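Source file: start-v5.cif (mmCIF, C-alpha atoms (C1' of nucleotides) and all ligand atoms)
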data_structure
#
loop_
_atom_site.label_atom_id
_atom_site.label_comp_id
_atom_site.auth_asym_id
_atom_site.auth_seq_id
_atom_site.Cartn_x
_atom_site.Cartn_y
_atom_site.Cartn_z
CA MET Q 1 75.90 -9.31 6.04
CA THR Q 2 78.11 -9.54 3.01
CA LYS Q 3 81.34 -8.54 4.78
CA GLU Q 4 80.94 -11.68 6.87
CA LYS Q 5 80.47 -13.73 3.71
CA TYR Q 6 83.95 -12.80 2.54
CA GLY Q 7 85.41 -13.61 5.94
CA ASN Q 8 83.90 -17.05 5.82
CA LYS Q 9 85.15 -17.61 2.32
CA LEU Q 10 88.65 -16.80 3.51
CA LYS Q 11 88.35 -19.09 6.52
CA ASP Q 12 87.11 -21.86 4.29
CA SER Q 13 90.40 -21.63 2.43
CA ASN Q 14 92.42 -21.47 5.66
CA LEU Q 15 93.41 -17.90 5.08
CA LYS Q 16 93.67 -15.26 7.75
CA VAL Q 17 90.92 -12.71 7.50
CA THR Q 18 92.50 -9.35 6.75
CA PRO Q 19 90.93 -6.11 5.54
CA GLN Q 20 93.05 -6.30 2.39
CA ARG Q 21 91.92 -9.78 1.45
CA THR Q 22 88.34 -8.97 2.26
CA ALA Q 23 88.52 -5.90 0.06
CA VAL Q 24 90.00 -7.77 -2.87
CA LEU Q 25 87.35 -10.46 -2.54
CA GLU Q 26 84.69 -7.80 -2.52
CA ALA Q 27 86.18 -6.17 -5.60
CA LEU Q 28 86.27 -9.48 -7.46
CA ASP Q 29 82.69 -10.11 -6.45
CA ASN Q 30 81.53 -6.80 -7.81
CA LEU Q 31 83.69 -6.34 -10.90
CA LYS Q 32 82.12 -8.84 -13.23
CA ASP Q 33 84.16 -8.01 -16.30
CA HIS Q 34 87.34 -10.00 -15.66
CA PRO Q 35 89.29 -7.13 -14.16
CA THR Q 36 93.00 -6.54 -14.23
CA ALA Q 37 94.96 -6.10 -11.03
CA ASP Q 38 94.85 -2.41 -11.72
CA LYS Q 39 91.06 -2.30 -11.97
CA ILE Q 40 90.85 -4.23 -8.73
CA LYS Q 41 93.16 -1.73 -7.12
CA GLU Q 42 91.01 1.17 -8.30
CA TYR Q 43 88.02 -0.44 -6.66
CA VAL Q 44 89.76 -1.43 -3.45
CA VAL Q 45 91.42 1.91 -2.94
CA LYS Q 46 88.09 3.63 -2.41
CA ASN Q 47 87.75 2.09 1.02
CA ASN Q 48 91.38 1.12 1.61
CA PRO Q 49 93.45 4.06 0.48
CA ASN Q 50 96.66 2.66 1.91
CA ILE Q 51 96.70 -0.76 0.33
CA ALA Q 52 99.95 -1.56 -1.49
CA VAL Q 53 99.80 -2.71 -5.07
CA GLY Q 54 102.08 -5.60 -4.19
CA THR Q 55 99.48 -6.76 -1.71
CA ILE Q 56 96.88 -6.86 -4.45
CA TYR Q 57 99.09 -9.03 -6.61
CA LYS Q 58 100.04 -11.24 -3.70
CA THR Q 59 96.43 -11.62 -2.66
CA LEU Q 60 95.31 -12.52 -6.16
CA GLU Q 61 98.09 -15.07 -6.43
CA THR Q 62 96.99 -16.57 -3.14
CA PHE Q 63 93.40 -16.75 -4.30
CA VAL Q 64 94.45 -18.43 -7.54
CA GLU Q 65 96.49 -20.99 -5.60
CA LYS Q 66 93.51 -21.70 -3.37
CA GLY Q 67 91.25 -22.05 -6.37
CA MET Q 68 89.09 -19.12 -5.33
CA VAL Q 69 89.83 -17.23 -8.51
CA ASN Q 70 90.90 -18.13 -12.03
CA ARG Q 71 93.16 -16.38 -14.43
CA VAL Q 72 91.69 -15.64 -17.83
CA LYS Q 73 93.68 -16.39 -20.96
CA THR Q 74 94.22 -13.35 -23.14
CA GLU Q 75 96.60 -12.19 -25.81
CA GLU Q 76 97.31 -8.93 -24.06
CA GLY Q 77 100.21 -8.18 -21.78
CA VAL Q 78 98.04 -7.89 -18.68
CA MET Q 79 96.58 -10.58 -16.50
CA ARG Q 80 92.85 -10.71 -15.93
CA TYR Q 81 90.99 -12.47 -13.17
CA ASP Q 82 87.67 -14.26 -12.91
CA ALA Q 83 85.90 -14.93 -9.63
CA ILE Q 84 83.14 -17.01 -11.21
CA LEU Q 85 84.01 -20.62 -10.69
CA ASP Q 86 80.97 -22.17 -12.33
CA ARG Q 87 81.79 -23.65 -15.67
CA HIS Q 88 81.44 -21.07 -18.39
CA HIS Q 89 82.96 -19.78 -21.58
CA HIS Q 90 84.12 -16.38 -22.74
CA LEU Q 91 83.20 -13.93 -25.43
CA TYR Q 92 86.28 -11.97 -26.48
CA CYS Q 93 85.54 -8.66 -28.16
CA GLU Q 94 88.26 -7.94 -30.67
CA GLU Q 95 87.48 -4.25 -30.75
CA THR Q 96 87.10 -3.33 -27.12
CA LYS Q 97 88.95 -6.23 -25.48
CA ARG Q 98 85.90 -6.75 -23.33
CA ILE Q 99 85.55 -10.29 -22.06
CA GLU Q 100 82.05 -11.42 -21.21
CA ASP Q 101 80.81 -14.64 -19.69
CA PHE Q 102 78.88 -17.19 -21.68
CA PHE Q 103 76.97 -19.90 -19.84
CA ASP Q 104 75.52 -22.75 -21.84
CA ASP Q 105 74.77 -26.10 -20.27
CA GLU Q 106 73.52 -27.61 -23.49
CA LEU Q 107 76.84 -26.83 -25.12
CA ASN Q 108 78.71 -28.24 -22.17
CA GLU Q 109 76.79 -31.49 -22.53
CA ILE Q 110 77.66 -31.70 -26.20
CA LEU Q 111 81.34 -31.14 -25.50
CA ILE Q 112 81.48 -33.63 -22.66
CA LYS Q 113 79.80 -36.30 -24.73
CA TYR Q 114 81.99 -35.60 -27.71
CA PHE Q 115 85.20 -35.98 -25.77
CA GLU Q 116 83.97 -39.04 -23.91
CA LYS Q 117 83.81 -40.78 -27.25
CA LYS Q 118 86.78 -39.16 -28.88
CA LYS Q 119 89.68 -39.37 -26.48
CA ILE Q 120 92.80 -37.37 -27.19
CA SER Q 121 95.78 -39.66 -27.09
CA ASN Q 122 98.33 -38.86 -24.40
CA PHE Q 123 96.27 -36.05 -22.97
CA ALA Q 124 94.05 -36.06 -19.89
CA ILE Q 125 91.39 -33.37 -20.20
CA LYS Q 126 90.61 -31.41 -17.07
CA ASP Q 127 88.50 -28.65 -18.52
CA ILE Q 128 87.32 -27.28 -21.81
CA LYS Q 129 86.62 -23.64 -22.40
CA LEU Q 130 85.49 -21.91 -25.54
CA GLN Q 131 87.10 -18.73 -26.69
CA ILE Q 132 84.33 -17.13 -28.69
CA ILE Q 133 86.01 -14.37 -30.59
CA GLY Q 134 84.18 -11.56 -32.34
CA THR Q 135 82.63 -8.18 -31.72
CA PHE Q 136 79.75 -6.90 -29.68
CA ASP Q 137 77.10 -5.14 -31.73
CA SER Q 138 77.87 -1.49 -31.22
CA LYS Q 139 74.29 -0.25 -31.06
CA LYS Q 140 74.82 0.89 -27.56
CA ASN Q 141 78.35 0.45 -26.39
CA MET N 142 113.82 -23.80 -52.59
CA THR N 143 112.32 -22.96 -49.24
CA LYS N 144 114.09 -19.60 -48.86
CA GLU N 145 112.24 -18.46 -51.92
CA LYS N 146 108.97 -19.64 -50.42
CA TYR N 147 109.38 -17.19 -47.55
CA GLY N 148 110.23 -14.40 -49.94
CA ASN N 149 107.05 -15.01 -51.86
CA LYS N 150 105.01 -15.11 -48.71
CA LEU N 151 106.37 -11.70 -47.78
CA LYS N 152 105.69 -10.31 -51.23
CA ASP N 153 102.16 -11.64 -51.07
CA SER N 154 101.64 -9.46 -48.02
CA ASN N 155 103.30 -6.47 -49.67
CA LEU N 156 106.26 -6.60 -47.35
CA LYS N 157 109.82 -5.93 -48.35
CA VAL N 158 111.89 -9.08 -48.39
CA THR N 159 114.61 -8.70 -45.78
CA PRO N 160 116.89 -11.30 -44.23
CA GLN N 161 115.40 -10.58 -40.82
CA ARG N 162 111.82 -11.15 -41.91
CA THR N 163 112.79 -14.24 -43.85
CA ALA N 164 114.55 -15.62 -40.82
CA VAL N 165 111.60 -14.99 -38.52
CA LEU N 166 109.28 -16.63 -41.01
CA GLU N 167 111.57 -19.61 -41.19
CA ALA N 168 111.69 -19.84 -37.40
CA LEU N 169 107.91 -19.73 -37.15
CA ASP N 170 107.68 -22.38 -39.84
CA ASN N 171 110.01 -24.70 -37.94
CA LEU N 172 109.07 -24.05 -34.31
CA LYS N 173 105.74 -25.78 -34.11
CA ASP N 174 105.15 -25.30 -30.40
CA HIS N 175 103.79 -21.77 -30.31
CA PRO N 176 107.09 -20.11 -29.52
CA THR N 177 107.73 -16.94 -27.58
CA ALA N 178 109.62 -14.05 -29.13
CA ASP N 179 112.62 -15.26 -27.18
CA LYS N 180 112.47 -18.78 -28.62
CA ILE N 181 112.18 -17.28 -32.06
CA LYS N 182 115.21 -15.15 -31.36
CA GLU N 183 117.21 -18.19 -30.25
CA TYR N 184 116.40 -19.88 -33.52
CA VAL N 185 117.01 -16.87 -35.72
CA VAL N 186 120.27 -15.92 -34.09
CA LYS N 187 121.95 -19.08 -35.33
CA ASN N 188 122.10 -17.72 -38.84
CA ASN N 189 121.62 -14.03 -38.10
CA PRO N 190 123.79 -13.26 -35.10
CA ASN N 191 123.27 -9.52 -35.36
CA ILE N 192 119.52 -9.32 -35.39
CA ALA N 193 118.11 -6.96 -32.78
CA VAL N 194 115.46 -8.20 -30.41
CA GLY N 195 113.34 -5.17 -31.21
CA THR N 196 113.35 -6.27 -34.82
CA ILE N 197 111.93 -9.63 -33.83
CA TYR N 198 109.09 -8.00 -31.95
CA LYS N 199 108.46 -5.52 -34.73
CA THR N 200 108.48 -8.26 -37.33
CA LEU N 201 106.08 -10.40 -35.35
CA GLU N 202 103.76 -7.45 -34.89
CA THR N 203 103.86 -6.83 -38.62
CA PHE N 204 103.07 -10.46 -39.34
CA VAL N 205 100.14 -10.38 -36.94
CA GLU N 206 98.79 -7.23 -38.59
CA LYS N 207 99.07 -8.87 -41.99
CA GLY N 208 97.34 -11.97 -40.71
CA MET N 209 100.35 -14.16 -41.37
CA VAL N 210 100.63 -15.16 -37.73
CA ASN N 211 98.30 -15.33 -34.77
CA ARG N 212 98.87 -14.63 -31.15
CA VAL N 213 97.94 -17.42 -28.78
CA LYS N 214 95.93 -16.66 -25.66
CA THR N 215 97.72 -17.70 -22.50
CA GLU N 216 97.67 -16.86 -18.84
CA GLU N 217 101.41 -16.35 -18.68
CA GLY N 218 103.23 -13.05 -18.90
CA VAL N 219 104.77 -13.82 -22.28
CA MET N 220 103.25 -13.70 -25.72
CA ARG N 221 103.25 -16.79 -27.88
CA TYR N 222 102.83 -16.99 -31.62
CA ASP N 223 101.23 -19.44 -34.01
CA ALA N 224 102.04 -19.61 -37.70
CA ILE N 225 99.39 -22.20 -38.46
CA LEU N 226 96.42 -20.40 -39.90
CA ASP N 227 94.20 -23.38 -40.55
CA ARG N 228 91.40 -23.57 -38.05
CA HIS N 229 92.48 -25.51 -35.02
CA HIS N 230 92.26 -25.69 -31.26
CA HIS N 231 94.81 -25.89 -28.49
CA LEU N 232 95.76 -28.34 -25.80
CA TYR N 233 97.14 -26.44 -22.81
CA CYS N 234 99.31 -28.53 -20.51
CA GLU N 235 98.91 -27.25 -16.97
CA GLU N 236 102.14 -28.85 -15.83
CA THR N 237 104.58 -27.96 -18.58
CA LYS N 238 102.77 -25.01 -20.16
CA ARG N 239 103.20 -26.78 -23.49
CA ILE N 240 100.59 -25.75 -26.04
CA GLU N 241 99.84 -28.29 -28.73
CA ASP N 242 97.60 -28.06 -31.76
CA PHE N 243 94.38 -29.98 -32.03
CA PHE N 244 92.73 -30.35 -35.42
CA ASP N 245 89.22 -31.75 -35.58
CA ASP N 246 86.92 -31.02 -38.48
CA GLU N 247 84.09 -33.03 -37.04
CA LEU N 248 84.15 -30.88 -33.92
CA ASN N 249 84.31 -27.72 -36.00
CA GLU N 250 81.19 -28.82 -37.84
CA ILE N 251 79.38 -29.43 -34.58
CA LEU N 252 80.31 -26.01 -33.28
CA ILE N 253 79.40 -24.20 -36.45
CA LYS N 254 76.01 -25.87 -36.59
CA TYR N 255 75.39 -25.24 -32.92
CA PHE N 256 76.04 -21.55 -33.19
CA GLU N 257 74.11 -21.21 -36.41
CA LYS N 258 71.04 -22.23 -34.51
CA LYS N 259 71.83 -20.60 -31.22
CA LYS N 260 72.85 -17.04 -31.93
CA ILE N 261 74.42 -15.01 -29.17
CA SER N 262 72.52 -11.78 -28.81
CA ASN N 263 74.53 -8.64 -29.50
CA PHE N 264 77.64 -10.57 -30.48
CA ALA N 265 78.95 -11.37 -33.96
CA ILE N 266 81.10 -14.48 -33.85
CA LYS N 267 84.24 -14.42 -35.96
CA ASP N 268 85.99 -17.50 -34.65
CA ILE N 269 85.66 -20.14 -31.99
CA LYS N 270 88.61 -21.85 -30.40
CA LEU N 271 88.67 -24.50 -27.73
CA GLN N 272 91.02 -24.28 -24.81
CA ILE N 273 91.47 -27.90 -23.92
CA ILE N 274 93.13 -27.78 -20.54
CA GLY N 275 94.80 -30.75 -18.91
CA THR N 276 98.03 -32.65 -18.80
CA PHE N 277 99.99 -34.72 -21.23
CA ASP N 278 100.53 -38.29 -20.11
CA SER N 279 104.03 -38.26 -18.72
CA LYS N 280 105.09 -41.67 -20.03
CA LYS N 281 107.73 -40.06 -22.10
CA ASN N 282 108.00 -36.38 -21.52
"C1'" DT C 283 123.85 3.71 -60.19
"C1'" DA C 284 121.09 6.93 -57.74
"C1'" DT C 285 117.00 7.75 -55.06
"C1'" DT C 286 114.09 7.20 -51.27
"C1'" DA C 287 110.81 5.26 -48.27
"C1'" DA C 288 111.03 1.64 -45.25
"C1'" DA C 289 113.51 -1.39 -42.15
"C1'" DT C 290 116.97 -2.34 -38.72
"C1'" DA C 291 120.37 -1.96 -34.74
"C1'" DG C 292 121.17 -0.50 -30.49
"C1'" DG C 293 119.81 1.09 -26.55
"C1'" DA C 294 116.67 3.78 -23.56
"C1'" DA C 295 112.10 3.80 -21.72
"C1'" DT C 296 107.83 1.76 -20.13
"C1'" DA C 297 104.64 -1.25 -17.80
"C1'" DG C 298 103.17 -5.12 -15.48
"C1'" DT C 299 104.60 -7.98 -12.09
"C1'" DT C 300 107.60 -9.98 -8.54
"C1'" DC C 301 110.80 -9.57 -4.86
"C1'" DT C 302 112.86 -7.83 -0.46
"C1'" DT C 303 112.66 -6.41 4.17
"C1'" DA C 304 111.19 -3.75 8.08
"C1'" DT C 305 106.89 -3.20 10.32
"C1'" DT C 306 102.31 -4.49 11.55
"C1'" DT C 307 98.67 -7.59 12.59
"C1'" DA C 308 95.47 -11.71 13.09
"C1'" DA C 309 94.64 -15.48 15.76
"C1'" DG C 310 95.59 -18.64 19.13
"C1'" DA C 311 97.50 -19.36 23.94
"C1'" DT C 312 97.90 -17.86 28.45
"C1'" DA I 313 92.66 -8.83 28.30
"C1'" DT I 314 97.41 -9.47 27.21
"C1'" DC I 315 101.16 -12.03 25.14
"C1'" DT I 316 103.25 -14.49 21.48
"C1'" DT I 317 104.40 -15.54 16.99
"C1'" DA I 318 103.85 -16.83 12.37
"C1'" DA I 319 101.92 -14.67 8.69
"C1'" DA I 320 100.59 -10.55 6.14
"C1'" DT I 321 101.44 -5.92 4.60
"C1'" DA I 322 103.64 -1.41 2.94
"C1'" DA I 323 106.96 0.64 0.46
"C1'" DG I 324 109.86 0.69 -2.88
"C1'" DA I 325 113.58 -1.67 -5.48
"C1'" DA I 326 114.28 -5.07 -8.98
"C1'" DC I 327 113.03 -7.68 -12.81
"C1'" DT I 328 111.35 -8.88 -17.47
"C1'" DA I 329 108.77 -8.66 -21.51
"C1'" DT I 330 107.73 -5.39 -24.69
"C1'" DT I 331 107.69 -0.89 -26.93
"C1'" DC I 332 109.79 3.27 -28.32
"C1'" DC I 333 113.33 6.31 -30.30
"C1'" DT I 334 116.53 7.64 -33.77
"C1'" DA I 335 120.77 7.34 -36.46
"C1'" DT I 336 122.15 4.24 -39.90
"C1'" DT I 337 121.41 0.84 -43.39
"C1'" DT I 338 119.02 -1.36 -47.05
"C1'" DA I 339 115.48 -3.11 -50.48
"C1'" DA I 340 113.09 -1.81 -54.27
"C1'" DT I 341 112.42 0.88 -58.19
"C1'" DA I 342 113.85 4.00 -61.74
MN MN T 401 96.10 -21.00 -32.74
MN MN T 402 105.08 -7.27 -19.02
ZN ZN T 403 84.33 -15.54 -16.76
ZN ZN T 404 98.32 -23.66 -32.89
#
Representation of the structure as structure tokens:
Amino acid sequence: MTKEKYGNKLKDSNLKVTPQRTAVLEALDNLKDHPTADKIKEYVVKNNPNIAVGTIYKTLETFVEKGMVNRVKTEEGVMRYDAILDRHHHLYCEETKRIEDFFDDELNEILIKYFEKKKISNFAIKDIKLQIIGTFDSKKN
Amino acid sequence: MTKEKYGNKLKDSNLKVTPQRTAVLEALDNLKDHPTADKIKEYVVKNNPNIAVGTIYKTLETFVEKGMVNRVKTEEGVMRYDAILDRHHHLYCEETKRIEDFFDDELNEILIKYFEKKKISNFAIKDIKLQIIGTFDSKKN
DNA sequence: TATTAAATAGGAATAGTTCTTATTTAAGAT
DNA sequence: ATCTTAAATAAGAACTATTCCTATTTAATA
């Protein structure tokens, strides 16, 4: 019962369970490629044809505030969202602007250890993410 | 003769030397905090009161194309620019949105070696940047 | 000094996002 | 089950960063 899963997630964050929020959660759960608000809308609209675009933005903002979703740093003019909260890094494709997840616990260990030794003066680190910039091999796109 | 320096930089990139471009270069050279187009305009306007904002954007775009300037990835709605081309990473302050440079050759070595061993399948790495997220100690702000 | 391709000024247009407000609704209380 | 009410939503206006358009100006070269 996956619909129920989203309801519980909302309750856990002390949010009222609405069809709009449930739909956005579902979209985020299914669109794994760091979607824009617009992509989320496209997905949500299939089952909720009357949802307002402002609601999508408002919902995403709420989710970010509650820590249910993260924004992804880009150098484009559009915001992208990430529902995966486990620590991971990102592959940025320069050609296609695709952003793919990169999980690597060994690397995380190395980074943590490195910055335990080497403190940055006047800066308290909360998180470290790698931007791995390059291109996907275009054998099959 | 620093004015001349900017002129040469432009010539090196096969760009016509104009007062507007020189001024934007000078602004980028002096504003070390990854300025927005608007901050650059504020700086440039002091000596070039008639410059058009569109010219600033166009100039920055040209510089990015020529590899004289990089965009900085953020999760804000405004673009920020970086005139430092030497390999470096960024400290992102969650509170103030300040972005500060972080140079660390030892860390670069570690990363390069790590990814020489551990290739990412189907992805050709061009560059790796760390997003070091946290807060600056607010002793003096 | 004349030529010309390129650059700029000025302002309109666009796009992503936020804001406003009347209406609707979820959730708790009765 | 119905009532109550604070919160959420729809619809569209407003806002803001950026891009686009084009008449005019200018840098570079001859
Ligand atoms: Mn940089
Ligand atoms: Mn925008
Ligand atoms: Zn991700
Ligand atoms: Zn920098």
Show me, as a VMD selection string, the residues of chain N whose atoms get within 9 Å of chain C, using only C-alpha atoms (C1' of nucleotides) for the distance check.
chain N and resid 157 159 161 191 to 193 195 to 196 218
Could you please determine the separation between CA of Ile273 (chain N) and CA of Glu94 (chain Q) in Å, to one decimal place?
21.3 Å
Report as an mmCIF file with C-alpha atoms, keeping the file's coordinate frame which protein, DNA and RNA residues come within 8 Å of ligand ZN 403 (chain T), using all atoms listed in the file.
data_model
loop_
_atom_site.group_PDB
_atom_site.id
_atom_site.type_symbol
_atom_site.label_atom_id
_atom_site.label_comp_id
_atom_site.auth_asym_id
_atom_site.auth_seq_id
_atom_site.Cartn_x
_atom_site.Cartn_y
_atom_site.Cartn_z
ATOM 1 C CA LYS Q 32 82.120 -8.840 -13.230
ATOM 2 C CA ASP Q 33 84.160 -8.010 -16.300
ATOM 3 C CA HIS Q 34 87.340 -10.000 -15.660
ATOM 4 C CA VAL Q 72 91.690 -15.640 -17.830
ATOM 5 C CA ASP Q 82 87.670 -14.260 -12.910
ATOM 6 C CA ALA Q 83 85.900 -14.930 -9.630
ATOM 7 C CA ILE Q 84 83.140 -17.010 -11.210
ATOM 8 C CA LEU Q 85 84.010 -20.620 -10.690
ATOM 9 C CA HIS Q 88 81.440 -21.070 -18.390
ATOM 10 C CA HIS Q 89 82.960 -19.780 -21.580
ATOM 11 C CA HIS Q 90 84.120 -16.380 -22.740
ATOM 12 C CA ILE Q 99 85.550 -10.290 -22.060
ATOM 13 C CA GLU Q 100 82.050 -11.420 -21.210
ATOM 14 C CA ASP Q 101 80.810 -14.640 -19.690
ATOM 15 C CA PHE Q 102 78.880 -17.190 -21.680
#
Using all atoms listed in the file, I'd like a table of the residues in chain I that come within 8 Å of chain N; for each, show the closest atom pair and its distance in Å rounded to one decimal, ordered by chain and ascending number, as a Markdown table.
| residue | atom | partner | partner_atom | distance |
| --- | --- | --- | --- | --- |
| I:DA329 | C1' | N:Val219 | CA | 6.6 |
| I:DT330 | C1' | N:Tyr198 | CA | 7.8 |
| I:DA339 | C1' | N:Lys157 | CA | 6.7 |
| I:DA340 | C1' | N:Lys157 | CA | 7.9 |
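The smallest atom-to-atom distance between chain Q and any of N:Ile253, N:Leu201, N:Cys234, N:Ala168, using only C-alpha atoms, is found for N:Cys234.
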Onto chain Q, please fit chain N by least squares using all C-alpha atoms in order, then return the transformed chain as a short mmCIF file (atom, residue, chain, number, x, y, z; two decimals) with C-alpha atoms, keeping the file's coordinate frame.
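Result file out36.cif:
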data_model
loop_
_atom_site.label_atom_id
_atom_site.label_comp_id
_atom_site.auth_asym_id
_atom_site.auth_seq_id
_atom_site.Cartn_x
_atom_site.Cartn_y
_atom_site.Cartn_z
CA MET N 142 75.91 -9.24 6.04
CA THR N 143 78.11 -9.47 2.99
CA LYS N 144 81.34 -8.52 4.77
CA GLU N 145 80.93 -11.62 6.84
CA LYS N 146 80.42 -13.69 3.71
CA TYR N 147 83.91 -12.77 2.53
CA GLY N 148 85.37 -13.58 5.91
CA ASN N 149 83.85 -17.03 5.79
CA LYS N 150 85.09 -17.60 2.30
CA LEU N 151 88.61 -16.81 3.47
CA LYS N 152 88.28 -19.08 6.48
CA ASP N 153 87.04 -21.86 4.25
CA SER N 154 90.33 -21.64 2.40
CA ASN N 155 92.32 -21.49 5.63
CA LEU N 156 93.35 -17.92 5.04
CA LYS N 157 93.63 -15.28 7.71
CA VAL N 158 90.88 -12.73 7.46
CA THR N 159 92.48 -9.37 6.72
CA PRO N 160 90.93 -6.14 5.50
CA GLN N 161 93.05 -6.31 2.36
CA ARG N 162 91.92 -9.80 1.41
CA THR N 163 88.33 -8.97 2.21
CA ALA N 164 88.52 -5.91 0.03
CA VAL N 165 90.00 -7.79 -2.90
CA LEU N 166 87.34 -10.45 -2.57
CA GLU N 167 84.68 -7.79 -2.55
CA ALA N 168 86.17 -6.16 -5.63
CA LEU N 169 86.24 -9.46 -7.49
CA ASP N 170 82.66 -10.10 -6.45
CA ASN N 171 81.53 -6.75 -7.83
CA LEU N 172 83.70 -6.33 -10.92
CA LYS N 173 82.12 -8.83 -13.25
CA ASP N 174 84.19 -8.02 -16.32
CA HIS N 175 87.33 -10.02 -15.64
CA PRO N 176 89.29 -7.15 -14.16
CA THR N 177 93.01 -6.55 -14.21
CA ALA N 178 94.97 -6.13 -11.00
CA ASP N 179 94.87 -2.42 -11.69
CA LYS N 180 91.08 -2.30 -11.95
CA ILE N 181 90.87 -4.24 -8.73
CA LYS N 182 93.19 -1.76 -7.11
CA GLU N 183 91.04 1.16 -8.28
CA TYR N 184 88.04 -0.44 -6.66
CA VAL N 185 89.77 -1.45 -3.45
CA VAL N 186 91.47 1.88 -2.93
CA LYS N 187 88.15 3.62 -2.39
CA ASN N 188 87.80 2.08 1.03
CA ASN N 189 91.41 1.09 1.63
CA PRO N 190 93.52 4.01 0.49
CA ASN N 191 96.73 2.58 1.91
CA ILE N 192 96.75 -0.82 0.32
CA ALA N 193 99.98 -1.61 -1.51
CA VAL N 194 99.84 -2.77 -5.09
CA GLY N 195 102.11 -5.67 -4.23
CA THR N 196 99.51 -6.81 -1.74
CA ILE N 197 96.90 -6.92 -4.47
CA TYR N 198 99.10 -9.10 -6.63
CA LYS N 199 100.04 -11.31 -3.72
CA THR N 200 96.43 -11.67 -2.67
CA LEU N 201 95.32 -12.55 -6.17
CA GLU N 202 98.08 -15.12 -6.45
CA THR N 203 96.97 -16.62 -3.16
CA PHE N 204 93.37 -16.77 -4.34
CA VAL N 205 94.41 -18.47 -7.56
CA GLU N 206 96.44 -21.04 -5.62
CA LYS N 207 93.46 -21.73 -3.39
CA GLY N 208 91.20 -22.07 -6.39
CA MET N 209 89.06 -19.13 -5.35
CA VAL N 210 89.80 -17.24 -8.54
CA ASN N 211 90.89 -18.13 -12.04
CA ARG N 212 93.16 -16.38 -14.43
CA VAL N 213 91.69 -15.65 -17.83
CA LYS N 214 93.69 -16.40 -20.96
CA THR N 215 94.24 -13.34 -23.10
CA GLU N 216 96.63 -12.16 -25.75
CA GLU N 217 97.29 -8.88 -24.00
CA GLY N 218 100.21 -8.10 -21.73
CA VAL N 219 98.06 -7.86 -18.61
CA MET N 220 96.58 -10.58 -16.48
CA ARG N 221 92.85 -10.70 -15.93
CA TYR N 222 90.98 -12.48 -13.18
CA ASP N 223 87.67 -14.27 -12.92
CA ALA N 224 85.89 -14.94 -9.64
CA ILE N 225 83.14 -17.00 -11.22
CA LEU N 226 84.00 -20.63 -10.70
CA ASP N 227 80.96 -22.18 -12.33
CA ARG N 228 81.81 -23.66 -15.67
CA HIS N 229 81.47 -21.07 -18.38
CA HIS N 230 82.99 -19.77 -21.58
CA HIS N 231 84.14 -16.37 -22.74
CA LEU N 232 83.19 -13.92 -25.42
CA TYR N 233 86.27 -11.96 -26.48
CA CYS N 234 85.51 -8.65 -28.16
CA GLU N 235 88.23 -7.93 -30.70
CA GLU N 236 87.43 -4.24 -30.78
CA THR N 237 87.08 -3.33 -27.13
CA LYS N 238 88.94 -6.24 -25.53
CA ARG N 239 85.89 -6.74 -23.34
CA ILE N 240 85.57 -10.30 -22.06
CA GLU N 241 82.07 -11.42 -21.21
CA ASP N 242 80.84 -14.65 -19.68
CA PHE N 243 78.89 -17.19 -21.65
CA PHE N 244 76.98 -19.89 -19.81
CA ASP N 245 75.53 -22.76 -21.80
CA ASP N 246 74.80 -26.11 -20.21
CA GLU N 247 73.54 -27.61 -23.42
CA LEU N 248 76.86 -26.84 -25.08
CA ASN N 249 78.76 -28.24 -22.11
CA GLU N 250 76.84 -31.48 -22.46
CA ILE N 251 77.69 -31.69 -26.13
CA LEU N 252 81.36 -31.14 -25.45
CA ILE N 253 81.53 -33.60 -22.60
CA LYS N 254 79.85 -36.30 -24.66
CA TYR N 255 82.03 -35.57 -27.65
CA PHE N 256 85.23 -35.95 -25.72
CA GLU N 257 84.03 -39.00 -23.86
CA LYS N 258 83.85 -40.76 -27.17
CA LYS N 259 86.81 -39.16 -28.84
CA LYS N 260 89.71 -39.34 -26.43
CA ILE N 261 92.82 -37.34 -27.17
CA SER N 262 95.80 -39.64 -27.07
CA ASN N 263 98.37 -38.84 -24.40
CA PHE N 264 96.32 -36.00 -22.96
CA ALA N 265 94.09 -36.00 -19.87
CA ILE N 266 91.44 -33.32 -20.19
CA LYS N 267 90.66 -31.35 -17.05
CA ASP N 268 88.56 -28.57 -18.51
CA ILE N 269 87.38 -27.22 -21.82
CA LYS N 270 86.67 -23.58 -22.43
CA LEU N 271 85.50 -21.88 -25.58
CA GLN N 272 87.09 -18.70 -26.79
CA ILE N 273 84.27 -17.12 -28.70
CA ILE N 274 85.95 -14.35 -30.63
CA GLY N 275 84.08 -11.55 -32.33
CA THR N 276 82.55 -8.18 -31.70
CA PHE N 277 79.69 -6.90 -29.66
CA ASP N 278 77.02 -5.16 -31.69
CA SER N 279 77.79 -1.50 -31.23
CA LYS N 280 74.20 -0.28 -31.01
CA LYS N 281 74.81 0.90 -27.53
CA ASN N 282 78.36 0.52 -26.46
#
Residues of chain Q near chain N: apply a cut-off of 10 Å, count all atoms listed in the file, and supply the list as a VMD selection string.
chain Q and resid 70 to 81 89 91 to 94 102 106 to 107 110 to 111 114 to 115 120 to 140
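The gap separating CA of Thr200 (chain N) from CA of Leu166 (chain N) is 9.2 Å, in Å to one decimal.
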